[in-house]
Amino acid sequence: MNKSEEHDGKRRQSKKTRVTIKEVAYALGISKSTVSRALNGYSDIAEHTRLKVQRTAQELGYKPMIHAQAIRTGLVRSLGMVLNADSHDGHRPFLANFIDGISRRASQDNWTLTVATANHALGVLKTIKRLSDEHTVDGFILPRTRIEDPRVRYLVKAHVPFIMFGRTGDDRDCGWYDIDAASAMEQAVLRLVGLGHQRIGFINGLERYMYARIRYEGYRAGLQKAGLAYEEQLVRHDAVTRNDGEQEGAALLDLPEPPTAIVCAVDLAALGVYRAANARQLTIGQDISIISYDGIAEGEFASPPLTSFFVDNREAGERLADLLIRRIKGDAPETLRQLGEAQLIVRASDGPPVIRSA
């Protein structure tokens with residue numbers, strides 16, 4: 001073989017580097033359409049078949065031609081999320097696990113995640129509109145939903161697929177994944193009652209967000225189940241930072257008849273209550289018990305460590321990505337609603353009330 005023939009042979013060999021769907025189908029002994037639908041995650045393909053196709057495609061070195069798929073299906077195979085960098089929790093540590101969960105699930109079906117940020121709520125909405133108009137993404141994950149949420153109104157009206165992390169005041173045409181925070185707050189109250197507490201305060205988050213309404217409802221449900229009367233003076237609102245928590249905690253602790261326990265909707269606020277208690281020389285876990293929600297690392301290393309409900313944000317991201325892909329492919333939003341659970345991590349910030357002699 002001369003050099004020219006050798007070169008031509010190598011060139012032909014190099015061209016034959018992309019494995020096709022037809023070859024994957026032949027290796028499995030199934031149809032091309034089944035392989036295609038399995039690789040694209042269609043719900044009519046059994047899970048074991050989807051996994052078998054994905055494994056075989058990976059072993060053979062199959063890689064989808066994204067541009068060709070976009071032309072054929074009208075999809076760019078990208079999930080979108082726009083974060084409000086100016087919000088009180090815009091850069092919270094949970095985002096790393098949350099985004100990792102979304103990315104992992106998306107990549108299983110050869111989707112990508114596009115993350116953008118804006119400096120205020122109006123900027124978030126403008127960015128969502130721009131990404132929709134440019135067809136940069138196929139749908140959106142909406143974290144931190146409000147009771148009245150302009151993002152939801154726009155996406156429903158524009159017929160753009162989306163899934164909410166949380167719920168909203170009017171969830172018609174909405175799919176969502178949420179954590180059962182109402183149950184968590186109810187459990188917190190009942191745990192404190194079981195320890196002997198009768199006066200239990202509550203410090204809520206920002207009232208315009210749906211999570212605050214849900215956690216407040218859980219607190220009230222706990223009181224009702226325990227047979228305790230609801231007292232307006234024992235409830236404070238709009239606390240999401242340490243400073244907020246310190247201020248609202250001080251208001252409760254300075255009451256003529258202060259609570260012996262406080263349930264907080266947000267961990268950072270609970271850590272602010274620590275400051276208020278320490279300033280009044282109260283021993284946390286004895287003079288005042290505190291249970292909170294979020295499970296952030298700062299709570300674990302507080303003194304004493306904070307009893308709190310932990311949320312698996314990586315799992316939440318995976319669930320949301322799965323639901324959004326299904327929504328983009330045509331599943332009705334009413335069929336895409338799931339409720340997860342928070343896990344109580346018992347530490348040292350709650351205990352039986354101390355009975356002090358007069």
# chains A, B, ... in the order shown; residues from 1 in each chain; ligands from 1
$ residues_around --residues "Leu113 (chain A)" --least-positions-apart "2" --cutoff "8 Å" --atoms "only C-alpha atoms" --output "number ranges by chain"
A: 78-81, 102-103, 106, 111, 115
$ residues_around --residues "region 238-248 of chain A" --least-positions-apart "2" --cutoff "12 Å" --atoms "only C-alpha atoms" --output "mmCIF file with C-alpha atoms, in the first residue's frame"
data_model
loop_
_atom_site.group_PDB
_atom_site.id
_atom_site.type_symbol
_atom_site.label_atom_id
_atom_site.label_comp_id
_atom_site.auth_asym_id
_atom_site.auth_seq_id
_atom_site.Cartn_x
_atom_site.Cartn_y
_atom_site.Cartn_z
ATOM 1 C CA SER A 87 -32.346 38.343 47.909
ATOM 2 C CA HIS A 88 -31.560 37.497 51.520
ATOM 3 C CA ASP A 89 -30.475 33.985 50.550
ATOM 4 C CA ARG A 92 -26.686 30.535 50.487
ATOM 5 C CA GLY A 201 -43.481 31.372 70.269
ATOM 6 C CA PHE A 202 -43.040 31.451 66.510
ATOM 7 C CA ILE A 203 -40.726 33.619 64.379
ATOM 8 C CA ASN A 204 -41.668 33.433 60.707
ATOM 9 C CA GLY A 205 -39.872 34.354 57.482
ATOM 10 C CA LEU A 206 -40.874 36.893 54.829
ATOM 11 C CA GLU A 207 -44.648 36.883 54.548
ATOM 12 C CA ARG A 208 -44.741 37.488 50.788
ATOM 13 C CA TYR A 209 -43.187 34.074 50.191
ATOM 14 C CA TYR A 211 -42.983 29.034 52.435
ATOM 15 C CA ALA A 212 -43.784 31.500 55.240
ATOM 16 C CA ARG A 213 -47.519 30.951 54.897
ATOM 17 C CA TYR A 216 -47.124 29.493 59.842
ATOM 18 C CA GLN A 233 -48.313 38.264 70.829
ATOM 19 C CA LEU A 234 -46.225 35.095 70.615
ATOM 20 C CA VAL A 235 -45.859 35.357 66.815
ATOM 21 C CA ARG A 236 -43.344 37.547 64.971
ATOM 22 C CA ALA A 250 -35.820 40.098 71.942
ATOM 23 C CA ALA A 251 -39.451 41.161 71.435
ATOM 24 C CA LEU A 252 -40.628 37.701 72.550
ATOM 25 C CA LEU A 253 -38.179 37.301 75.417
ATOM 26 C CA ASP A 254 -39.072 40.730 76.830
ATOM 27 C CA LEU A 255 -42.783 39.971 77.072
ATOM 28 C CA ILE A 262 -39.527 29.361 70.160
ATOM 29 C CA VAL A 263 -39.996 27.740 66.762
ATOM 30 C CA CYS A 264 -38.212 29.561 63.932
ATOM 31 C CA ALA A 265 -39.043 29.259 60.228
ATOM 32 C CA VAL A 266 -35.442 30.046 59.203
ATOM 33 C CA ASP A 267 -32.165 28.877 60.770
ATOM 34 C CA LEU A 268 -30.407 32.223 60.422
ATOM 35 C CA ALA A 269 -33.188 33.889 62.390
ATOM 36 C CA ALA A 270 -32.851 31.199 65.061
ATOM 37 C CA LEU A 271 -29.146 32.004 65.392
ATOM 38 C CA GLY A 272 -30.178 35.616 65.926
ATOM 39 C CA VAL A 273 -32.437 34.474 68.785
ATOM 40 C CA TYR A 274 -29.286 32.962 70.294
ATOM 41 C CA ARG A 275 -27.859 36.483 70.504
ATOM 42 C CA ALA A 276 -30.985 37.818 72.196
ATOM 43 C CA ALA A 277 -30.993 34.950 74.691
ATOM 44 C CA ASN A 278 -27.293 35.337 75.473
ATOM 45 C CA ALA A 279 -27.746 39.077 76.035
ATOM 46 C CA ARG A 280 -30.364 38.214 78.676
ATOM 47 C CA ILE A 290 -35.308 26.683 70.081
ATOM 48 C CA SER A 292 -35.718 25.751 63.540
ATOM 49 C CA TYR A 293 -35.827 24.794 59.867
ATOM 50 C CA ASP A 294 -33.223 24.635 57.068
ATOM 51 C CA GLU A 298 -23.881 27.162 60.949
ATOM 52 C CA GLY A 299 -26.566 25.585 63.112
#
$ atom_distance --atom1 "CA of Val311 (chain A)" --atom2 "CA of Gln343 (chain A)"
6.7 Å
$ closest_atom_pairs --of "region 211-303 of chain A" --to "region 186-196 of chain A" --cutoff "6 Å" --atoms "only C-alpha atoms" --output "CSV"
residue,atom,partner,partner_atom,distance
A:Gly218,CA,A:Glu186,CA,4.8
A:Tyr219,CA,A:Glu186,CA,5.2
A:Ala221,CA,A:Glu186,CA,6.0
A:Gly222,CA,A:Glu186,CA,4.1
$ select_by_dssp --residues "region 65-309 of chain A" --states "strand (DSSP E)" --output "PyMOL selection string"
chain A and resi 78-84+112-118+139-143+162-165+175-179+200-203+235-236+261-264+289-294+307-309
$ write_last_selection --atoms "N, CA and C atoms" --output "compact mmCIF listing (two decimals), in the first residue's frame"
# COMPACT_ATOMS: atom_id res chain seq x y z
N SER A 78 -32.01 22.31 27.25
CA SER A 78 -31.40 23.06 28.34
C SER A 78 -32.48 23.51 29.32
N LEU A 79 -32.22 23.28 30.60
CA LEU A 79 -33.10 23.74 31.67
C LEU A 79 -32.58 25.09 32.17
N GLY A 80 -33.49 26.00 32.46
CA GLY A 80 -33.08 27.34 32.89
C GLY A 80 -33.45 27.63 34.33
N MET A 81 -32.61 28.44 34.97
CA MET A 81 -32.92 28.91 36.32
C MET A 81 -32.31 30.31 36.48
N VAL A 82 -33.10 31.25 36.94
CA VAL A 82 -32.64 32.62 37.15
C VAL A 82 -32.73 32.93 38.63
N LEU A 83 -31.61 33.28 39.23
CA LEU A 83 -31.53 33.53 40.67
C LEU A 83 -31.52 35.02 40.96
N ASN A 84 -32.15 35.39 42.05
CA ASN A 84 -32.13 36.78 42.51
C ASN A 84 -30.94 36.94 43.44
N THR A 112 -28.67 20.04 29.64
CA THR A 112 -27.75 20.93 30.36
C THR A 112 -28.57 21.88 31.23
N LEU A 113 -27.86 22.59 32.11
CA LEU A 113 -28.49 23.59 32.97
C LEU A 113 -27.89 24.95 32.67
N THR A 114 -28.75 25.93 32.42
CA THR A 114 -28.33 27.31 32.21
C THR A 114 -28.76 28.13 33.43
N VAL A 115 -27.79 28.70 34.13
CA VAL A 115 -28.07 29.50 35.32
C VAL A 115 -27.72 30.96 35.05
N ALA A 116 -28.66 31.84 35.34
CA ALA A 116 -28.43 33.28 35.21
C ALA A 116 -28.79 33.95 36.52
N THR A 117 -28.29 35.16 36.73
CA THR A 117 -28.61 35.91 37.93
C THR A 117 -29.08 37.31 37.56
N ALA A 118 -29.83 37.89 38.47
CA ALA A 118 -30.27 39.28 38.33
C ALA A 118 -30.22 39.91 39.71
N GLY A 139 -37.27 25.47 29.32
CA GLY A 139 -38.18 25.63 30.45
C GLY A 139 -37.40 26.10 31.66
N PHE A 140 -38.11 26.40 32.75
CA PHE A 140 -37.48 27.02 33.91
C PHE A 140 -37.83 26.30 35.22
N ILE A 141 -36.85 26.28 36.12
CA ILE A 141 -37.07 25.92 37.51
C ILE A 141 -37.17 27.23 38.29
N LEU A 142 -38.23 27.38 39.08
CA LEU A 142 -38.47 28.63 39.82
C LEU A 142 -38.27 28.37 41.31
N PRO A 143 -37.13 28.78 41.86
CA PRO A 143 -36.94 28.64 43.31
C PRO A 143 -37.62 29.79 44.05
N PHE A 162 -42.49 25.18 33.07
CA PHE A 162 -41.76 25.51 34.30
C PHE A 162 -42.20 24.57 35.41
N ILE A 163 -41.33 24.45 36.41
CA ILE A 163 -41.64 23.71 37.64
C ILE A 163 -41.18 24.58 38.80
N MET A 164 -42.02 24.69 39.82
CA MET A 164 -41.69 25.52 40.97
C MET A 164 -41.03 24.69 42.08
N PHE A 165 -40.04 25.27 42.74
CA PHE A 165 -39.53 24.70 43.99
C PHE A 165 -40.30 25.41 45.10
N GLY A 175 -46.81 22.94 37.96
CA GLY A 175 -46.22 21.76 38.56
C GLY A 175 -45.23 22.20 39.61
N TRP A 176 -45.00 21.38 40.63
CA TRP A 176 -44.09 21.80 41.69
C TRP A 176 -43.51 20.61 42.45
N TYR A 177 -42.37 20.89 43.07
CA TYR A 177 -41.81 20.00 44.08
C TYR A 177 -41.61 20.86 45.32
N ASP A 178 -42.08 20.38 46.46
CA ASP A 178 -41.98 21.15 47.69
C ASP A 178 -41.66 20.22 48.84
N ILE A 179 -41.20 20.80 49.93
CA ILE A 179 -40.96 20.07 51.16
C ILE A 179 -42.14 20.34 52.10
N ILE A 200 -45.29 28.62 73.55
CA ILE A 200 -44.36 28.39 72.42
C ILE A 200 -44.52 29.51 71.42
N GLY A 201 -43.47 30.27 71.23
CA GLY A 201 -43.48 31.37 70.27
C GLY A 201 -43.12 30.90 68.86
N PHE A 202 -43.35 31.78 67.90
CA PHE A 202 -43.04 31.45 66.51
C PHE A 202 -42.49 32.69 65.82
N ILE A 203 -41.34 32.54 65.17
CA ILE A 203 -40.73 33.62 64.38
C ILE A 203 -40.71 33.16 62.92
N VAL A 235 -46.23 35.56 68.21
CA VAL A 235 -45.86 35.36 66.81
C VAL A 235 -45.21 36.62 66.25
N ARG A 236 -44.07 36.45 65.63
CA ARG A 236 -43.34 37.55 64.97
C ARG A 236 -43.12 37.17 63.50
N ALA A 261 -40.25 28.43 74.83
CA ALA A 261 -39.70 27.80 73.62
C ALA A 261 -40.10 28.64 72.42
N ILE A 262 -39.26 28.61 71.39
CA ILE A 262 -39.53 29.36 70.16
C ILE A 262 -39.25 28.46 68.97
N VAL A 263 -40.19 28.41 68.04
CA VAL A 263 -40.00 27.74 66.76
C VAL A 263 -39.68 28.80 65.72
N CYS A 264 -38.62 28.59 64.96
CA CYS A 264 -38.21 29.56 63.93
C CYS A 264 -38.38 28.94 62.55
N SER A 289 -35.92 27.10 74.81
CA SER A 289 -35.68 26.06 73.80
C SER A 289 -35.96 26.62 72.41
N ILE A 290 -35.17 26.19 71.45
CA ILE A 290 -35.31 26.68 70.08
C ILE A 290 -35.25 25.51 69.12
N ILE A 291 -36.24 25.44 68.20
CA ILE A 291 -36.22 24.50 67.09
C ILE A 291 -36.42 25.30 65.81
N SER A 292 -35.66 24.96 64.77
CA SER A 292 -35.72 25.75 63.54
C SER A 292 -35.82 24.86 62.31
N TYR A 293 -35.62 25.49 61.14
CA TYR A 293 -35.83 24.79 59.87
C TYR A 293 -34.82 25.31 58.85
N ASP A 294 -34.16 24.40 58.18
CA ASP A 294 -33.22 24.64 57.07
C ASP A 294 -32.07 23.65 57.12
N THR A 307 -31.09 22.45 67.08
CA THR A 307 -32.05 21.43 66.62
C THR A 307 -32.81 22.01 65.44
N SER A 308 -32.77 21.31 64.30
CA SER A 308 -33.34 21.89 63.08
C SER A 308 -33.79 20.80 62.13
N PHE A 309 -34.72 21.16 61.25
CA PHE A 309 -35.18 20.27 60.19
C PHE A 309 -34.28 20.43 58.97
$ closest_atom_pairs --of "region 91-173 of chain A" --to "region 34-47 of chain A" --cutoff "12 Å" --atoms "only C-alpha atoms" --output "Markdown table"
| residue | atom | partner | partner_atom | distance |
| --- | --- | --- | --- | --- |
| A:Arg105 | CA | A:Gly41 | CA | 11.2 |
| A:Ala106 | CA | A:Gly41 | CA | 10.3 |
| A:Ser107 | CA | A:Asn40 | CA | 11.1 |
| A:Gln108 | CA | A:Leu39 | CA | 9.0 |
| A:Asp109 | CA | A:Asn40 | CA | 6.1 |
| A:Asn110 | CA | A:Asn40 | CA | 7.8 |
| A:Trp111 | CA | A:Asn40 | CA | 9.1 |
$ select_by_dssp --residues "region 251-342 of chain A" --states "helix (DSSP H, G or I)" --output "PyMOL selection string"
chain A and resi 251-253+267-279+297-300+313-328+333-335
$ closest_residue --among "A:Gln338, A:Tyr154, A:Val354, A:Thr20" --to "Lys32 (chain A)" --atoms "only C-alpha atoms"
A:Thr20
$ closest_residue --among "A:Val76, A:Asn97, A:Glu232, A:Gln54" --to "Glu134 (chain A)" --atoms "only C-alpha atoms"
A:Val76
$ closest_residue --among "A:Ala302, A:Ile147, A:Ile296, A:Leu155" --to "Ile284 (chain A)" --atoms "only C-alpha atoms"
A:Ala302
$ residues_around --residues "Arg151 (chain A)" --least-positions-apart "4" --cutoff "9 Å" --atoms "only C-alpha atoms" --output "JSON, numbers by chain"
{"A": [124, 125, 128, 142, 145, 155, 156]}
$ closest_residue --among "A:Asn313, A:Ile214, A:Leu131, A:Gly227" --to "Thr168 (chain A)" --atoms "only C-alpha atoms"
A:Ile214
$ atom_distance --atom1 "CA of Arg146 (chain A)" --atom2 "CA of Ala181 (chain A)"
15.2 Å
$ closest_residue --among "A:Ala321, A:Leu228, A:Met185, A:Ile328" --to "Ala342 (chain A)" --atoms "only C-alpha atoms"
A:Met185
$ decode --residues "region 170-219 of chain A" --atoms "N, CA and C atoms" --output "compact mmCIF listing (two decimals), in the first residue's frame"
# COMPACT_ATOMS: atom_id res chain seq x y z
N ASP A 170 -51.98 30.57 43.78
CA ASP A 170 -52.87 29.99 42.77
C ASP A 170 -52.03 29.05 41.91
N ASP A 171 -52.19 27.76 42.14
CA ASP A 171 -51.31 26.80 41.44
C ASP A 171 -51.97 26.15 40.24
N ARG A 172 -52.98 26.79 39.66
CA ARG A 172 -53.53 26.28 38.41
C ARG A 172 -52.48 26.32 37.32
N ASP A 173 -52.39 25.27 36.52
CA ASP A 173 -51.40 25.14 35.44
C ASP A 173 -49.97 25.14 35.95
N CYS A 174 -49.79 24.72 37.20
CA CYS A 174 -48.45 24.72 37.79
C CYS A 174 -48.05 23.32 38.26
N GLY A 175 -46.81 22.94 37.96
CA GLY A 175 -46.22 21.76 38.56
C GLY A 175 -45.23 22.20 39.61
N TRP A 176 -45.00 21.38 40.63
CA TRP A 176 -44.09 21.80 41.69
C TRP A 176 -43.51 20.61 42.45
N TYR A 177 -42.37 20.89 43.07
CA TYR A 177 -41.81 20.00 44.08
C TYR A 177 -41.61 20.86 45.32
N ASP A 178 -42.08 20.38 46.46
CA ASP A 178 -41.98 21.15 47.69
C ASP A 178 -41.66 20.22 48.84
N ILE A 179 -41.20 20.80 49.93
CA ILE A 179 -40.96 20.07 51.16
C ILE A 179 -42.14 20.34 52.10
N ASP A 180 -42.57 19.33 52.80
CA ASP A 180 -43.72 19.46 53.68
C ASP A 180 -43.31 20.20 54.96
N ALA A 181 -43.10 21.51 54.81
CA ALA A 181 -42.67 22.33 55.94
C ALA A 181 -43.78 22.52 56.97
N ALA A 182 -45.04 22.44 56.53
CA ALA A 182 -46.15 22.54 57.48
C ALA A 182 -46.08 21.40 58.48
N SER A 183 -45.83 20.20 57.99
CA SER A 183 -45.68 19.05 58.88
C SER A 183 -44.49 19.23 59.81
N ALA A 184 -43.39 19.79 59.30
CA ALA A 184 -42.20 20.00 60.12
C ALA A 184 -42.50 20.96 61.28
N MET A 185 -43.19 22.07 60.99
CA MET A 185 -43.50 23.04 62.05
C MET A 185 -44.47 22.43 63.06
N GLU A 186 -45.41 21.65 62.58
CA GLU A 186 -46.34 20.97 63.49
C GLU A 186 -45.58 20.01 64.40
N GLN A 187 -44.65 19.25 63.81
CA GLN A 187 -43.84 18.33 64.60
C GLN A 187 -43.01 19.07 65.65
N ALA A 188 -42.50 20.23 65.28
CA ALA A 188 -41.69 21.02 66.20
C ALA A 188 -42.51 21.42 67.43
N VAL A 189 -43.72 21.91 67.18
CA VAL A 189 -44.59 22.30 68.29
C VAL A 189 -44.91 21.11 69.18
N LEU A 190 -45.28 20.00 68.57
CA LEU A 190 -45.66 18.82 69.34
C LEU A 190 -44.47 18.24 70.12
N ARG A 191 -43.28 18.35 69.54
CA ARG A 191 -42.09 17.90 70.27
C ARG A 191 -41.89 18.75 71.52
N LEU A 192 -42.03 20.05 71.38
CA LEU A 192 -41.84 20.96 72.51
C LEU A 192 -42.92 20.75 73.57
N VAL A 193 -44.15 20.52 73.13
CA VAL A 193 -45.22 20.22 74.09
C VAL A 193 -44.89 18.93 74.84
N GLY A 194 -44.38 17.94 74.11
CA GLY A 194 -44.00 16.68 74.74
C GLY A 194 -42.90 16.85 75.77
N LEU A 195 -42.07 17.87 75.58
CA LEU A 195 -41.00 18.15 76.55
C LEU A 195 -41.51 18.92 77.75
N GLY A 196 -42.76 19.42 77.66
CA GLY A 196 -43.34 20.13 78.79
C GLY A 196 -43.62 21.60 78.58
N HIS A 197 -43.37 22.11 77.37
CA HIS A 197 -43.60 23.53 77.10
C HIS A 197 -45.07 23.81 76.82
N GLN A 198 -45.55 24.95 77.34
CA GLN A 198 -46.93 25.37 77.12
C GLN A 198 -47.02 26.71 76.41
N ARG A 199 -45.99 27.52 76.55
CA ARG A 199 -45.95 28.82 75.85
C ARG A 199 -44.86 28.75 74.78
N ILE A 200 -45.29 28.62 73.55
CA ILE A 200 -44.36 28.39 72.42
C ILE A 200 -44.52 29.51 71.42
N GLY A 201 -43.47 30.27 71.23
CA GLY A 201 -43.48 31.37 70.27
C GLY A 201 -43.12 30.90 68.86
N PHE A 202 -43.35 31.78 67.90
CA PHE A 202 -43.04 31.45 66.51
C PHE A 202 -42.49 32.69 65.82
N ILE A 203 -41.34 32.54 65.17
CA ILE A 203 -40.73 33.62 64.38
C ILE A 203 -40.71 33.16 62.92
N ASN A 204 -41.48 33.84 62.10
CA ASN A 204 -41.67 33.43 60.71
C ASN A 204 -40.72 34.16 59.77
N GLY A 205 -40.67 33.71 58.51
CA GLY A 205 -39.87 34.35 57.48
C GLY A 205 -40.66 35.46 56.79
N LEU A 206 -40.25 35.80 55.57
CA LEU A 206 -40.87 36.89 54.83
C LEU A 206 -42.27 36.49 54.37
N GLU A 207 -43.26 37.27 54.75
CA GLU A 207 -44.65 36.88 54.55
C GLU A 207 -45.07 36.84 53.09
N ARG A 208 -44.34 37.52 52.20
CA ARG A 208 -44.74 37.49 50.79
C ARG A 208 -44.39 36.17 50.10
N TYR A 209 -43.56 35.36 50.76
CA TYR A 209 -43.19 34.07 50.19
C TYR A 209 -44.11 32.97 50.68
N MET A 210 -44.37 32.02 49.80
CA MET A 210 -45.31 30.96 50.12
C MET A 210 -44.81 30.09 51.27
N TYR A 211 -43.51 29.89 51.37
CA TYR A 211 -42.98 29.03 52.43
C TYR A 211 -43.38 29.57 53.81
N ALA A 212 -43.44 30.91 53.95
CA ALA A 212 -43.78 31.50 55.24
C ALA A 212 -45.23 31.20 55.61
N ARG A 213 -46.12 31.28 54.63
CA ARG A 213 -47.52 30.95 54.90
C ARG A 213 -47.65 29.50 55.33
N ILE A 214 -46.96 28.61 54.62
CA ILE A 214 -47.06 27.18 54.91
C ILE A 214 -46.50 26.86 56.30
N ARG A 215 -45.37 27.45 56.66
CA ARG A 215 -44.77 27.16 57.97
C ARG A 215 -45.61 27.74 59.10
N TYR A 216 -46.21 28.89 58.86
CA TYR A 216 -47.12 29.49 59.84
C TYR A 216 -48.34 28.59 60.06
N GLU A 217 -48.89 28.06 58.98
CA GLU A 217 -50.03 27.15 59.09
C GLU A 217 -49.66 25.90 59.88
N GLY A 218 -48.44 25.42 59.69
CA GLY A 218 -47.97 24.25 60.43
C GLY A 218 -47.85 24.53 61.91
N TYR A 219 -47.35 25.70 62.26
CA TYR A 219 -47.25 26.11 63.67
C TYR A 219 -48.63 26.12 64.32
